[in-house]
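Student: There's a structure below that I have some questions on.
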Amino acid sequence: MSGNKPRTLFDKIWDSHVVERLPDGTCVLYIDRHLVHEVTSPQAFEGLRLAGRPVRRPDLTIAVADHNIPTTGPRTADTIQEEDSRIQVQTLEKNVVAFGVPYIPILDVRQGIVHIIGPELGISLPGTTIVCGDSHTSTHGALGALAFGIGTSEVEHVLATQTLLQRPAKNMLVRVDHTLGFGASAKDMVLAIIGKITTAGGNGHVIEYAGEAVRALDMAGRMTISNMSIEAGARAGLVAPDETTFAYVQGREYAPKGAAFEQAMAYWRTLPTDPGAAYDTTVVLDAREIAPMVTWGTTPGAVVPVTGVVPDPSLVADEAARAQMQRMLDYMALTPGTRMEDLPIDVVFIGSCTNGRIEDIRAAAAVAKGRKVAAGVRALVVPGSGQVKLAAEREGLDRVLLEAGFEWRDPCCSMCLGMNPDKITAGQRCASTSNRNFEGRQGPGGRTHLVSPAMAAAAAVMGRIADVRQLG
Amino acid sequence: MEPITRIVAGAAPIDRPNVDTDQVIPARFLHKPRDGTLGRYLFHDLRFGPDGVPNPDFVLNRPPFDGARILVAEQNFGCGSSRENAVWALHDYGIQAVLAPSFGDIFRSNSLKNGLLPIMLPPEVIHGLLAQLAETPGGTIAIDLEAELVTLQDGTSHRFEIDPFMRDCLLNGIDELDYTLSQMEQVESFEHRYGRRNA
């Protein structure tokens, strides 16, 4: 199979999970962890039910409701106002009982967005394969796990067999050299990466993030960049595990303990890419050149530094690209040449699987401290999990944010995709720490500008897109 | 799954890049049960105005494209969310194949599992086809899965590739899950070897 050929981190994880290799290269790939949520699982459980099949490895499966949960008021399945949402959560709660799948109840402090709680609880570990019926499963790759989103048919396939039929992806290396400057964060780094390689650049690849600036990121930052791999077209992102990873994993609820941890760590140390291993594609960025970033269009690759201006389609030679740019500007109601910092903001959303961790809330609170949300701006902070919320409250961050005029909510996916009541309305402009600025994503007709948590807080207090570096 | 060998149908152009699955079916319809009627939400916010009235400018609301069973799209079609509802909405509407220079990886994988053919063709072929659809709308496209050949309305033929294993499943109407369930002894023996290393 692999022989002594130098292998990448991806190759190593892949090879160790191949159950069977078919003649055309398709593999039966073993899955170590299956995370289940309420939106993409009902039809999968129904498929099992119709065929009379059990969940093969409930011990490797864990379920949580996150997309539909309200962020204010009562938080039980039966009290969700919107009927379709209520049914979806109730259905999950029935399915986990019927199929014996471990479930984190909504009122449990460990409940939260599936991609926040996987790492937080030590369910996501280096070297493992992790899947979930959600494209942002790429988040868990920050730990050095091969983690990717799957569709509902594949959710059923994993529930029934604990495997997937997959073809190996190509290897892409994204190396970010040097260190990020003042005011630039992991979110800015990944937006700069997507801006460079485009939203289709990673199609068919797994991206491994490396280089000095990636090594310097804490686990939260690594999760932010891995999370948005799918926005660069790659199904998975990876960061090689190192001491930062091991320190993060140690002591978490589901992580190995004592001698088992030492043994696991010895194995994890063998995972980083071998010297001389080949990548199909290599991209290099200089972290010193990455400013705080803001998207102007309706794909995450339509991004400029905060000091930039709305681009001008008339300067684009390619006809199709020009038409696409014009279409995005029309939807976003933007005029070429407008300074990004002159764009007024109606709504600010801080949260999501991209930026809903305690480090993100700290970054937002640091900017909000002693300032006030601008008149007419609605600013929501939605922690990614119950544990994040609790930690923030212990640090007094909730008070800082509330005093500044932010709303302090309960954990959920919330305004990232508006499946619960948190939505923006047509024509509203939102500075959001989420991952997608697609048309209508945060609510029909809504206009999304993707930014970092610090930049979102800056937008809230200034009432416009603002350069957080100038707020000190 | 029904076996698929050949598709002959009219095509409609979706001539913009990065059509994400939020466009194909907005998140607020992900609660809807899978009862074969998700086609009504396909491209909802492009197909209908805020008042629910069909948008006369949207391609699928205009003859002859309203009867199309094939879509011709730009690069990275189906990017974004993993929602299989996007494929179900296309399927329920009656779309049998999407031709594009590239697809979102998860969308492509979801399509194959539902008998919707994601056919990758070189950008110049797609651009030529989009031009043909603009100039002479209403022709048909023929897709031969066995020969992996698509014949456009101008009579030119172009090769495409679908992974051999998946092509076999599609041609014979085999469900992937049935295949894997026939291999469970191998999975068990893998777990036995593997269990010693990984908790």
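Simple scheme: letters A, B, ... for chains in structure tokens order, numbers from 1 for residues in each chain, numbers from 1 for ligands in the order shown.
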Excluding Gly118 (chain A) and any residue of its chain fewer than 6 positions from it, enumerate the residues within 9 Å of it, using only C-alpha atoms, and give them as a PyMOL selection string.
Tutor: chain A and resi 35+124-125+140
Student: What are the residues of chain B that have an atom within 9 Å of an atom of chain A, counting only C-alpha atoms, as a VMD selection string?
Tutor: chain B and resid 15 to 18 20 22 to 23 26 to 34 45 50 75 to 76 79 to 85 102 to 107 109 to 110 113 to 114 163 to 165 176 to 177 180 to 181 183 to 184 186 to 187 189 to 191 194 197 to 199
Student: Quick one: residues within 12 Å of region 329-338 of chain A, only C-alpha atoms, excluding same-chain residues fewer than 5 positions away - as a PyMOL selection string?
Tutor: (chain A and resi 295-299+302+306-315+322-324+343-344+426-430+437-440+444-449+465) or (chain B and resi 46)
Student: Calculated over only C-alpha atoms, which of the candidates B:Glu74, B:Asp178, B:Asp57, B:Asp168 has the smallest distance to Val125 (chain B)?
Tutor: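 Nearest candidate to Val125 (chain B) out of B:Glu74, B:Asp178, B:Asp57, B:Asp168: B:Glu74.
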Student: Tell me which of A:Ser229, A:Ala391, A:Met223, A:Ser452 sits closest to Ile197 (chain A), counting only C-alpha atoms.
Tutor: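 Comparing A:Ser229, A:Ala391, A:Met223, A:Ser452 against Ile197 (chain A), the winner is A:Ser229.
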Student: Could you give me, as a PDB file with all heavy atoms, in the first residue's frame, the residues within 10 Å of Ala89 (chain B), counting only C-alpha atoms and dropping anything in the same chain fewer than 5 positions from it?
Tutor:
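Here's the written file part.pdb:
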ATOM      1  N   VAL B  24     -30.259  26.775  -3.742  1.00  0.00           N
ATOM      2  CA  VAL B  24     -31.025  25.641  -4.270  1.00  0.00           C
ATOM      3  C   VAL B  24     -32.251  25.390  -3.389  1.00  0.00           C
ATOM      4  O   VAL B  24     -33.353  25.204  -3.899  1.00  0.00           O
ATOM      5  CB  VAL B  24     -30.146  24.381  -4.384  1.00  0.00           C
ATOM      6  CG1 VAL B  24     -30.946  23.220  -4.975  1.00  0.00           C
ATOM      7  CG2 VAL B  24     -28.915  24.658  -5.254  1.00  0.00           C
ATOM      8  N   ILE B  25     -32.036  25.419  -2.066  1.00  0.00           N
ATOM      9  CA  ILE B  25     -33.175  25.360  -1.127  1.00  0.00           C
ATOM     10  C   ILE B  25     -32.812  26.110   0.154  1.00  0.00           C
ATOM     11  O   ILE B  25     -31.929  25.687   0.897  1.00  0.00           O
ATOM     12  CB  ILE B  25     -33.656  23.907  -0.850  1.00  0.00           C
ATOM     13  CG1 ILE B  25     -34.897  23.906   0.061  1.00  0.00           C
ATOM     14  CG2 ILE B  25     -32.548  23.032  -0.291  1.00  0.00           C
ATOM     15  CD1 ILE B  25     -35.616  22.574   0.150  1.00  0.00           C
ATOM     16  N   ARG B  34     -39.639  14.927   3.768  1.00  0.00           N
ATOM     17  CA  ARG B  34     -39.263  14.440   2.448  1.00  0.00           C
ATOM     18  C   ARG B  34     -40.402  13.579   1.908  1.00  0.00           C
ATOM     19  O   ARG B  34     -40.439  12.362   2.087  1.00  0.00           O
ATOM     20  CB  ARG B  34     -37.987  13.613   2.557  1.00  0.00           C
ATOM     21  CG  ARG B  34     -37.415  13.313   1.202  1.00  0.00           C
ATOM     22  CD  ARG B  34     -36.235  12.389   1.283  1.00  0.00           C
ATOM     23  NE  ARG B  34     -35.868  11.995  -0.076  1.00  0.00           N
ATOM     24  CZ  ARG B  34     -34.986  11.072  -0.346  1.00  0.00           C
ATOM     25  NH1 ARG B  34     -34.372  10.430   0.624  1.00  0.00           N
ATOM     26  NH2 ARG B  34     -34.716  10.778  -1.602  1.00  0.00           N
ATOM     27  N   GLY B  36     -41.588  13.918  -1.386  1.00  0.00           N
ATOM     28  CA  GLY B  36     -41.628  13.942  -2.852  1.00  0.00           C
ATOM     29  C   GLY B  36     -42.054  15.284  -3.416  1.00  0.00           C
ATOM     30  O   GLY B  36     -42.138  15.437  -4.623  1.00  0.00           O
ATOM     31  N   THR B  37     -42.320  16.279  -2.540  1.00  0.00           N
ATOM     32  CA  THR B  37     -42.809  17.572  -3.049  1.00  0.00           C
ATOM     33  C   THR B  37     -41.823  18.719  -2.797  1.00  0.00           C
ATOM     34  O   THR B  37     -42.195  19.890  -2.872  1.00  0.00           O
ATOM     35  CB  THR B  37     -44.160  17.945  -2.410  1.00  0.00           C
ATOM     36  OG1 THR B  37     -43.939  18.205  -1.014  1.00  0.00           O
ATOM     37  CG2 THR B  37     -45.177  16.833  -2.570  1.00  0.00           C
ATOM     38  N   LEU B  38     -40.560  18.382  -2.499  1.00  0.00           N
ATOM     39  CA  LEU B  38     -39.598  19.449  -2.198  1.00  0.00           C
ATOM     40  C   LEU B  38     -39.282  20.294  -3.430  1.00  0.00           C
ATOM     41  O   LEU B  38     -38.707  21.377  -3.311  1.00  0.00           O
ATOM     42  CB  LEU B  38     -38.310  18.863  -1.617  1.00  0.00           C
ATOM     43  CG  LEU B  38     -38.440  18.238  -0.214  1.00  0.00           C
ATOM     44  CD1 LEU B  38     -37.113  17.616   0.227  1.00  0.00           C
ATOM     45  CD2 LEU B  38     -38.882  19.271   0.812  1.00  0.00           C
ATOM     46  N   GLY B  39     -39.680  19.813  -4.608  1.00  0.00           N
ATOM     47  CA  GLY B  39     -39.473  20.578  -5.840  1.00  0.00           C
ATOM     48  C   GLY B  39     -40.108  21.955  -5.777  1.00  0.00           C
ATOM     49  O   GLY B  39     -39.640  22.896  -6.427  1.00  0.00           O
ATOM     50  N   ARG B  40     -41.123  22.127  -4.967  1.00  0.00           N
ATOM     51  CA  ARG B  40     -41.780  23.441  -4.888  1.00  0.00           C
ATOM     52  C   ARG B  40     -40.888  24.501  -4.234  1.00  0.00           C
ATOM     53  O   ARG B  40     -41.126  25.683  -4.371  1.00  0.00           O
ATOM     54  CB  ARG B  40     -43.119  23.323  -4.156  1.00  0.00           C
ATOM     55  CG  ARG B  40     -42.993  23.098  -2.677  1.00  0.00           C
ATOM     56  CD  ARG B  40     -44.358  23.118  -1.998  1.00  0.00           C
ATOM     57  NE  ARG B  40     -44.876  21.755  -1.894  1.00  0.00           N
ATOM     58  CZ  ARG B  40     -45.824  21.410  -1.036  1.00  0.00           C
ATOM     59  NH1 ARG B  40     -46.388  22.317  -0.265  1.00  0.00           N
ATOM     60  NH2 ARG B  40     -46.232  20.154  -0.963  1.00  0.00           N
ATOM     61  N   TYR B  41     -39.860  24.037  -3.485  1.00  0.00           N
ATOM     62  CA  TYR B  41     -38.948  24.992  -2.838  1.00  0.00           C
ATOM     63  C   TYR B  41     -37.660  25.198  -3.630  1.00  0.00           C
ATOM     64  O   TYR B  41     -36.786  25.961  -3.212  1.00  0.00           O
ATOM     65  CB  TYR B  41     -38.605  24.519  -1.423  1.00  0.00           C
ATOM     66  CG  TYR B  41     -39.836  24.184  -0.612  1.00  0.00           C
ATOM     67  CD1 TYR B  41     -40.101  22.883  -0.204  1.00  0.00           C
ATOM     68  CD2 TYR B  41     -40.764  25.182  -0.298  1.00  0.00           C
ATOM     69  CE1 TYR B  41     -41.246  22.578   0.513  1.00  0.00           C
ATOM     70  CE2 TYR B  41     -41.912  24.886   0.408  1.00  0.00           C
ATOM     71  CZ  TYR B  41     -42.152  23.577   0.819  1.00  0.00           C
ATOM     72  OH  TYR B  41     -43.286  23.278   1.508  1.00  0.00           O
ATOM     73  N   LEU B  42     -37.511  24.484  -4.748  1.00  0.00           N
ATOM     74  CA  LEU B  42     -36.282  24.582  -5.539  1.00  0.00           C
ATOM     75  C   LEU B  42     -36.047  26.032  -5.969  1.00  0.00           C
ATOM     76  O   LEU B  42     -36.950  26.659  -6.535  1.00  0.00           O
ATOM     77  CB  LEU B  42     -36.380  23.671  -6.768  1.00  0.00           C
ATOM     78  CG  LEU B  42     -35.171  23.726  -7.705  1.00  0.00           C
ATOM     79  CD1 LEU B  42     -33.943  23.106  -7.047  1.00  0.00           C
ATOM     80  CD2 LEU B  42     -35.466  23.024  -9.034  1.00  0.00           C
ATOM     81  N   PHE B  43     -34.848  26.526  -5.712  1.00  0.00           N
ATOM     82  CA  PHE B  43     -34.462  27.911  -6.058  1.00  0.00           C
ATOM     83  C   PHE B  43     -35.523  28.904  -5.567  1.00  0.00           C
ATOM     84  O   PHE B  43     -35.801  29.900  -6.245  1.00  0.00           O
ATOM     85  CB  PHE B  43     -34.277  28.067  -7.575  1.00  0.00           C
ATOM     86  CG  PHE B  43     -33.145  27.264  -8.149  1.00  0.00           C
ATOM     87  CD1 PHE B  43     -33.366  26.324  -9.156  1.00  0.00           C
ATOM     88  CD2 PHE B  43     -31.840  27.454  -7.698  1.00  0.00           C
ATOM     89  CE1 PHE B  43     -32.309  25.593  -9.695  1.00  0.00           C
ATOM     90  CE2 PHE B  43     -30.783  26.714  -8.228  1.00  0.00           C
ATOM     91  CZ  PHE B  43     -31.022  25.787  -9.232  1.00  0.00           C
ATOM     92  N   GLU B  84     -28.717  17.510   1.931  1.00  0.00           N
ATOM     93  CA  GLU B  84     -29.119  16.650   0.812  1.00  0.00           C
ATOM     94  C   GLU B  84     -30.463  17.113   0.260  1.00  0.00           C
ATOM     95  O   GLU B  84     -30.848  16.759  -0.855  1.00  0.00           O
ATOM     96  CB  GLU B  84     -29.172  15.187   1.275  1.00  0.00           C
ATOM     97  CG  GLU B  84     -29.130  14.177   0.146  1.00  0.00           C
ATOM     98  CD  GLU B  84     -28.680  12.799   0.608  1.00  0.00           C
ATOM     99  OE1 GLU B  84     -27.724  12.718   1.409  1.00  0.00           O
ATOM    100  OE2 GLU B  84     -29.284  11.799   0.185  1.00  0.00           O
ATOM    101  N   GLY B  94     -37.783  17.396 -10.882  1.00  0.00           N
ATOM    102  CA  GLY B  94     -37.680  16.655 -12.141  1.00  0.00           C
ATOM    103  C   GLY B  94     -36.337  16.766 -12.829  1.00  0.00           C
ATOM    104  O   GLY B  94     -36.151  16.265 -13.940  1.00  0.00           O
ATOM    105  N   ILE B  95     -35.378  17.446 -12.170  1.00  0.00           N
ATOM    106  CA  ILE B  95     -34.039  17.579 -12.757  1.00  0.00           C
ATOM    107  C   ILE B  95     -33.310  16.226 -12.644  1.00  0.00           C
ATOM    108  O   ILE B  95     -33.277  15.609 -11.573  1.00  0.00           O
ATOM    109  CB  ILE B  95     -33.231  18.688 -12.050  1.00  0.00           C
ATOM    110  CG1 ILE B  95     -33.966  20.031 -12.135  1.00  0.00           C
ATOM    111  CG2 ILE B  95     -31.814  18.785 -12.635  1.00  0.00           C
ATOM    112  CD1 ILE B  95     -34.164  20.565 -13.544  1.00  0.00           C
TER     113      ILE B  95
END
Student: If you run DSSP on the backbone, which residues of chain B are alpha helix (DSSP H), as a short mmCIF file (atom, residue, chain, number, x, y, z; two decimals) with N, CA and C atoms, in the first residue's frame?
Tutor:
data_model
loop_
_atom_site.label_atom_id
_atom_site.label_comp_id
_atom_site.auth_asym_id
_atom_site.auth_seq_id
_atom_site.Cartn_x
_atom_site.Cartn_y
_atom_site.Cartn_z
N THR B 21 -25.96 25.76 -1.96
CA THR B 21 -27.16 24.97 -1.66
C THR B 21 -28.21 25.79 -0.90
N ASP B 22 -27.81 26.93 -0.32
CA ASP B 22 -28.81 27.85 0.25
C ASP B 22 -29.68 28.45 -0.86
N GLN B 23 -29.10 28.62 -2.07
CA GLN B 23 -29.91 29.11 -3.20
C GLN B 23 -30.81 27.99 -3.71
N VAL B 24 -30.26 26.78 -3.74
CA VAL B 24 -31.02 25.64 -4.27
C VAL B 24 -32.25 25.39 -3.39
N HIS B 44 -36.09 28.65 -4.42
CA HIS B 44 -37.30 29.38 -4.01
C HIS B 44 -37.17 30.89 -4.11
N ASP B 45 -36.09 31.44 -3.53
CA ASP B 45 -36.00 32.90 -3.45
C ASP B 45 -35.58 33.53 -4.78
N LEU B 46 -35.16 32.70 -5.74
CA LEU B 46 -34.88 33.21 -7.08
C LEU B 46 -36.12 33.03 -7.96
N ARG B 47 -36.84 31.94 -7.70
CA ARG B 47 -37.99 31.59 -8.55
C ARG B 47 -39.23 32.41 -8.21
N ASN B 85 -31.15 17.92 1.05
CA ASN B 85 -32.43 18.51 0.60
C ASN B 85 -32.26 19.24 -0.73
N ALA B 86 -31.04 19.75 -0.99
CA ALA B 86 -30.80 20.44 -2.26
C ALA B 86 -30.96 19.45 -3.42
N VAL B 87 -30.41 18.26 -3.24
CA VAL B 87 -30.54 17.23 -4.28
C VAL B 87 -31.98 16.74 -4.37
N TRP B 88 -32.62 16.58 -3.21
CA TRP B 88 -34.02 16.13 -3.22
C TRP B 88 -34.92 17.15 -3.93
N ALA B 89 -34.64 18.43 -3.70
CA ALA B 89 -35.46 19.47 -4.34
C ALA B 89 -35.29 19.42 -5.86
N LEU B 90 -34.05 19.27 -6.31
CA LEU B 90 -33.80 19.15 -7.76
C LEU B 90 -34.49 17.90 -8.31
N HIS B 91 -34.32 16.81 -7.60
CA HIS B 91 -34.91 15.53 -8.02
C HIS B 91 -36.43 15.61 -8.07
N ASP B 92 -37.02 16.15 -7.01
CA ASP B 92 -38.49 16.22 -6.95
C ASP B 92 -39.05 17.15 -8.03
N TYR B 93 -38.27 18.17 -8.37
CA TYR B 93 -38.70 19.09 -9.43
C TYR B 93 -38.66 18.40 -10.79
N ASP B 105 -18.05 19.47 -3.41
CA ASP B 105 -17.77 18.05 -3.21
C ASP B 105 -18.93 17.29 -2.56
N ILE B 106 -19.54 17.89 -1.56
CA ILE B 106 -20.58 17.16 -0.83
C ILE B 106 -21.84 17.05 -1.70
N PHE B 107 -22.14 18.12 -2.41
CA PHE B 107 -23.29 18.10 -3.32
C PHE B 107 -23.12 16.99 -4.36
N ARG B 108 -21.91 16.90 -4.91
CA ARG B 108 -21.65 15.90 -5.94
C ARG B 108 -21.88 14.50 -5.38
N SER B 109 -21.37 14.29 -4.19
CA SER B 109 -21.53 12.98 -3.56
C SER B 109 -23.01 12.69 -3.25
N ASN B 110 -23.71 13.70 -2.75
CA ASN B 110 -25.15 13.52 -2.47
C ASN B 110 -25.93 13.22 -3.75
N SER B 111 -25.57 13.87 -4.85
CA SER B 111 -26.28 13.69 -6.12
C SER B 111 -26.22 12.24 -6.57
N LEU B 112 -25.00 11.70 -6.52
CA LEU B 112 -24.80 10.33 -7.01
C LEU B 112 -25.63 9.32 -6.23
N PRO B 123 -14.65 23.92 -18.90
CA PRO B 123 -15.32 25.23 -18.91
C PRO B 123 -15.68 25.70 -20.32
N GLU B 124 -14.81 25.43 -21.30
CA GLU B 124 -15.10 25.93 -22.65
C GLU B 124 -16.31 25.22 -23.25
N VAL B 125 -16.50 23.94 -22.92
CA VAL B 125 -17.67 23.21 -23.41
C VAL B 125 -18.94 23.79 -22.77
N ILE B 126 -18.85 24.03 -21.44
CA ILE B 126 -20.02 24.60 -20.74
C ILE B 126 -20.34 25.99 -21.29
N HIS B 127 -19.31 26.80 -21.51
CA HIS B 127 -19.57 28.16 -22.01
C HIS B 127 -20.17 28.11 -23.40
N GLY B 128 -19.71 27.18 -24.22
CA GLY B 128 -20.29 27.00 -25.55
C GLY B 128 -21.75 26.58 -25.46
N LEU B 129 -22.02 25.69 -24.53
CA LEU B 129 -23.39 25.20 -24.34
C LEU B 129 -24.30 26.32 -23.83
N LEU B 130 -23.78 27.13 -22.91
CA LEU B 130 -24.58 28.27 -22.41
C LEU B 130 -24.90 29.22 -23.56
N ALA B 131 -23.94 29.43 -24.45
CA ALA B 131 -24.17 30.31 -25.61
C ALA B 131 -25.23 29.71 -26.53
N GLN B 132 -25.15 28.38 -26.74
CA GLN B 132 -26.15 27.70 -27.58
C GLN B 132 -27.56 27.86 -26.99
N LEU B 133 -27.65 27.69 -25.67
CA LEU B 133 -28.97 27.78 -25.03
C LEU B 133 -29.54 29.19 -25.15
N ALA B 134 -28.63 30.19 -25.15
CA ALA B 134 -29.09 31.57 -25.29
C ALA B 134 -29.55 31.85 -26.72
N GLU B 135 -28.80 31.30 -27.67
CA GLU B 135 -29.12 31.59 -29.08
C GLU B 135 -30.28 30.77 -29.60
N PRO B 164 -15.92 4.84 -11.41
CA PRO B 164 -16.42 3.54 -11.89
C PRO B 164 -17.38 2.84 -10.92
N PHE B 165 -17.03 2.87 -9.62
CA PHE B 165 -17.90 2.17 -8.67
C PHE B 165 -19.29 2.81 -8.66
N MET B 166 -19.31 4.14 -8.61
CA MET B 166 -20.61 4.83 -8.57
C MET B 166 -21.37 4.65 -9.88
N ARG B 167 -20.64 4.64 -10.99
CA ARG B 167 -21.30 4.47 -12.28
C ARG B 167 -21.99 3.10 -12.33
N ASP B 168 -21.28 2.12 -11.81
CA ASP B 168 -21.84 0.77 -11.76
C ASP B 168 -23.12 0.74 -10.92
N CYS B 169 -23.07 1.43 -9.78
CA CYS B 169 -24.26 1.51 -8.91
C CYS B 169 -25.41 2.16 -9.66
N LEU B 170 -25.12 3.26 -10.37
CA LEU B 170 -26.17 4.00 -11.08
C LEU B 170 -26.74 3.17 -12.23
N LEU B 171 -25.87 2.53 -12.99
CA LEU B 171 -26.33 1.76 -14.15
C LEU B 171 -27.19 0.58 -13.73
N ASN B 172 -26.87 0.03 -12.57
CA ASN B 172 -27.58 -1.18 -12.13
C ASN B 172 -28.58 -0.93 -11.01
N GLU B 176 -25.63 2.02 -2.52
CA GLU B 176 -24.32 1.87 -1.85
C GLU B 176 -24.42 1.10 -0.54
N LEU B 177 -25.46 1.42 0.20
CA LEU B 177 -25.59 0.83 1.53
C LEU B 177 -25.70 -0.69 1.42
N ASP B 178 -26.43 -1.17 0.40
CA ASP B 178 -26.55 -2.62 0.22
C ASP B 178 -25.18 -3.24 -0.03
N TYR B 179 -24.36 -2.51 -0.81
CA TYR B 179 -23.01 -3.03 -1.07
C TYR B 179 -22.24 -3.17 0.25
N THR B 180 -22.22 -2.08 1.03
CA THR B 180 -21.42 -2.11 2.27
C THR B 180 -21.96 -3.17 3.23
N LEU B 181 -23.27 -3.30 3.28
CA LEU B 181 -23.84 -4.30 4.20
C LEU B 181 -23.39 -5.72 3.80
N MET B 184 -19.86 -6.65 5.63
CA MET B 184 -19.74 -6.39 7.07
C MET B 184 -18.74 -7.31 7.77
N GLU B 185 -18.45 -8.47 7.19
CA GLU B 185 -17.43 -9.32 7.81
C GLU B 185 -16.08 -8.62 7.81
N GLN B 186 -15.81 -7.95 6.72
CA GLN B 186 -14.56 -7.19 6.62
C GLN B 186 -14.53 -6.05 7.63
N VAL B 187 -15.68 -5.40 7.80
CA VAL B 187 -15.74 -4.30 8.77
C VAL B 187 -15.49 -4.85 10.17
N GLU B 188 -16.08 -5.99 10.47
CA GLU B 188 -15.89 -6.58 11.80
C GLU B 188 -14.44 -6.96 12.03
N SER B 189 -13.82 -7.53 11.01
CA SER B 189 -12.43 -7.94 11.20
C SER B 189 -11.54 -6.70 11.32
N PHE B 190 -11.88 -5.64 10.60
CA PHE B 190 -11.13 -4.38 10.76
C PHE B 190 -11.26 -3.87 12.19
N GLU B 191 -12.49 -3.88 12.68
CA GLU B 191 -12.72 -3.37 14.05
C GLU B 191 -11.94 -4.18 15.08
N HIS B 192 -11.82 -5.47 14.83
CA HIS B 192 -11.10 -6.33 15.76
C HIS B 192 -9.62 -5.93 15.81
N ARG B 193 -9.03 -5.75 14.63
CA ARG B 193 -7.61 -5.35 14.56
C ARG B 193 -7.42 -3.96 15.15
N TYR B 194 -8.35 -3.10 14.82
CA TYR B 194 -8.24 -1.68 15.08
C TYR B 194 -8.54 -1.35 16.54
N GLY B 195 -9.46 -2.11 17.10
CA GLY B 195 -9.92 -1.84 18.46
C GLY B 195 -8.79 -1.88 19.47
#
Student: Excluding same-chain residues fewer than 3 positions from Arg7 (chain A), what lies within 12 Å of it counting only C-alpha atoms, as a list of chain:residue names?
Tutor: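 Near Arg7 (chain A), the qualifying residues are A:Met1, A:Ser2, A:Gly3, A:Asn4, A:Phe10, A:Asp11, A:Lys12, A:Ile13, A:Trp14, A:Asp15, A:Ser16, A:Asn171, A:Thr270, A:Leu271, A:Pro272, A:Thr273, A:Asp274, A:Pro275, A:Gly276, A:Ala277, A:Ala278, A:Tyr279.
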Student: Could you state the separation of CA of Glu2 (chain B) and CA of Pro118 (chain B) in Å, given to one decimal place?
Tutor: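 According to the coordinates, CA of Glu2 (chain B) and CA of Pro118 (chain B) are separated by 16.5 Å.
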Student: If you run DSSP over the backbone, which residues in region 33-111 of chain B end up strand (DSSP E or B)? Put them as an mmCIF file with N, CA, C and O atoms, in the first residue's frame.
Tutor:
data_model
loop_
_atom_site.group_PDB
_atom_site.id
_atom_site.type_symbol
_atom_site.label_atom_id
_atom_site.label_comp_id
_atom_site.auth_asym_id
_atom_site.auth_seq_id
_atom_site.Cartn_x
_atom_site.Cartn_y
_atom_site.Cartn_z
ATOM 1 N N PHE B 48 -39.328 32.811 -6.934
ATOM 2 C CA PHE B 48 -40.521 33.526 -6.470
ATOM 3 C C PHE B 48 -40.132 34.851 -5.832
ATOM 4 O O PHE B 48 -39.078 34.958 -5.211
ATOM 5 N N PRO B 54 -44.444 33.908 -8.886
ATOM 6 C CA PRO B 54 -43.281 33.506 -9.684
ATOM 7 C C PRO B 54 -42.589 34.699 -10.325
ATOM 8 O O PRO B 54 -43.254 35.593 -10.855
ATOM 9 N N ILE B 70 -32.593 19.078 -17.412
ATOM 10 C CA ILE B 70 -31.138 19.146 -17.249
ATOM 11 C C ILE B 70 -30.790 20.606 -16.963
ATOM 12 O O ILE B 70 -31.364 21.510 -17.572
ATOM 13 N N LEU B 71 -29.872 20.830 -16.018
ATOM 14 C CA LEU B 71 -29.386 22.191 -15.769
ATOM 15 C C LEU B 71 -27.955 22.306 -16.279
ATOM 16 O O LEU B 71 -27.169 21.360 -16.170
ATOM 17 N N VAL B 72 -27.642 23.471 -16.835
ATOM 18 C CA VAL B 72 -26.274 23.759 -17.250
ATOM 19 C C VAL B 72 -25.806 24.922 -16.386
ATOM 20 O O VAL B 72 -26.406 26.006 -16.419
ATOM 21 N N ALA B 73 -24.768 24.677 -15.597
ATOM 22 C CA ALA B 73 -24.385 25.660 -14.586
ATOM 23 C C ALA B 73 -22.917 26.027 -14.695
ATOM 24 O O ALA B 73 -22.143 25.360 -15.377
ATOM 25 N N PHE B 77 -20.961 24.559 -8.679
ATOM 26 C CA PHE B 77 -22.400 24.422 -8.426
ATOM 27 C C PHE B 77 -22.607 23.520 -7.201
ATOM 28 O O PHE B 77 -21.990 22.469 -7.069
ATOM 29 N N CYS B 79 -22.073 24.415 -3.992
ATOM 30 C CA CYS B 79 -21.139 24.634 -2.895
ATOM 31 C C CYS B 79 -21.913 24.950 -1.615
ATOM 32 O O CYS B 79 -23.113 25.223 -1.662
ATOM 33 N N ALA B 97 -30.058 15.733 -14.324
ATOM 34 C CA ALA B 97 -28.604 15.893 -14.439
ATOM 35 C C ALA B 97 -28.257 17.371 -14.362
ATOM 36 O O ALA B 97 -29.061 18.229 -14.751
ATOM 37 N N VAL B 98 -27.060 17.667 -13.833
ATOM 38 C CA VAL B 98 -26.525 19.026 -13.852
ATOM 39 C C VAL B 98 -25.167 18.957 -14.537
ATOM 40 O O VAL B 98 -24.333 18.113 -14.204
ATOM 41 N N LEU B 99 -24.980 19.818 -15.532
ATOM 42 C CA LEU B 99 -23.706 19.890 -16.254
ATOM 43 C C LEU B 99 -22.991 21.153 -15.791
ATOM 44 O O LEU B 99 -23.573 22.247 -15.838
ATOM 45 N N ALA B 100 -21.751 21.029 -15.333
ATOM 46 C CA ALA B 100 -21.014 22.194 -14.846
ATOM 47 C C ALA B 100 -19.520 21.921 -14.924
ATOM 48 O O ALA B 100 -19.108 20.756 -14.972
ATOM 49 N N PHE B 103 -18.197 21.070 -9.205
ATOM 50 C CA PHE B 103 -19.287 20.980 -8.221
ATOM 51 C C PHE B 103 -18.725 21.070 -6.810
ATOM 52 O O PHE B 103 -17.572 20.691 -6.574
#
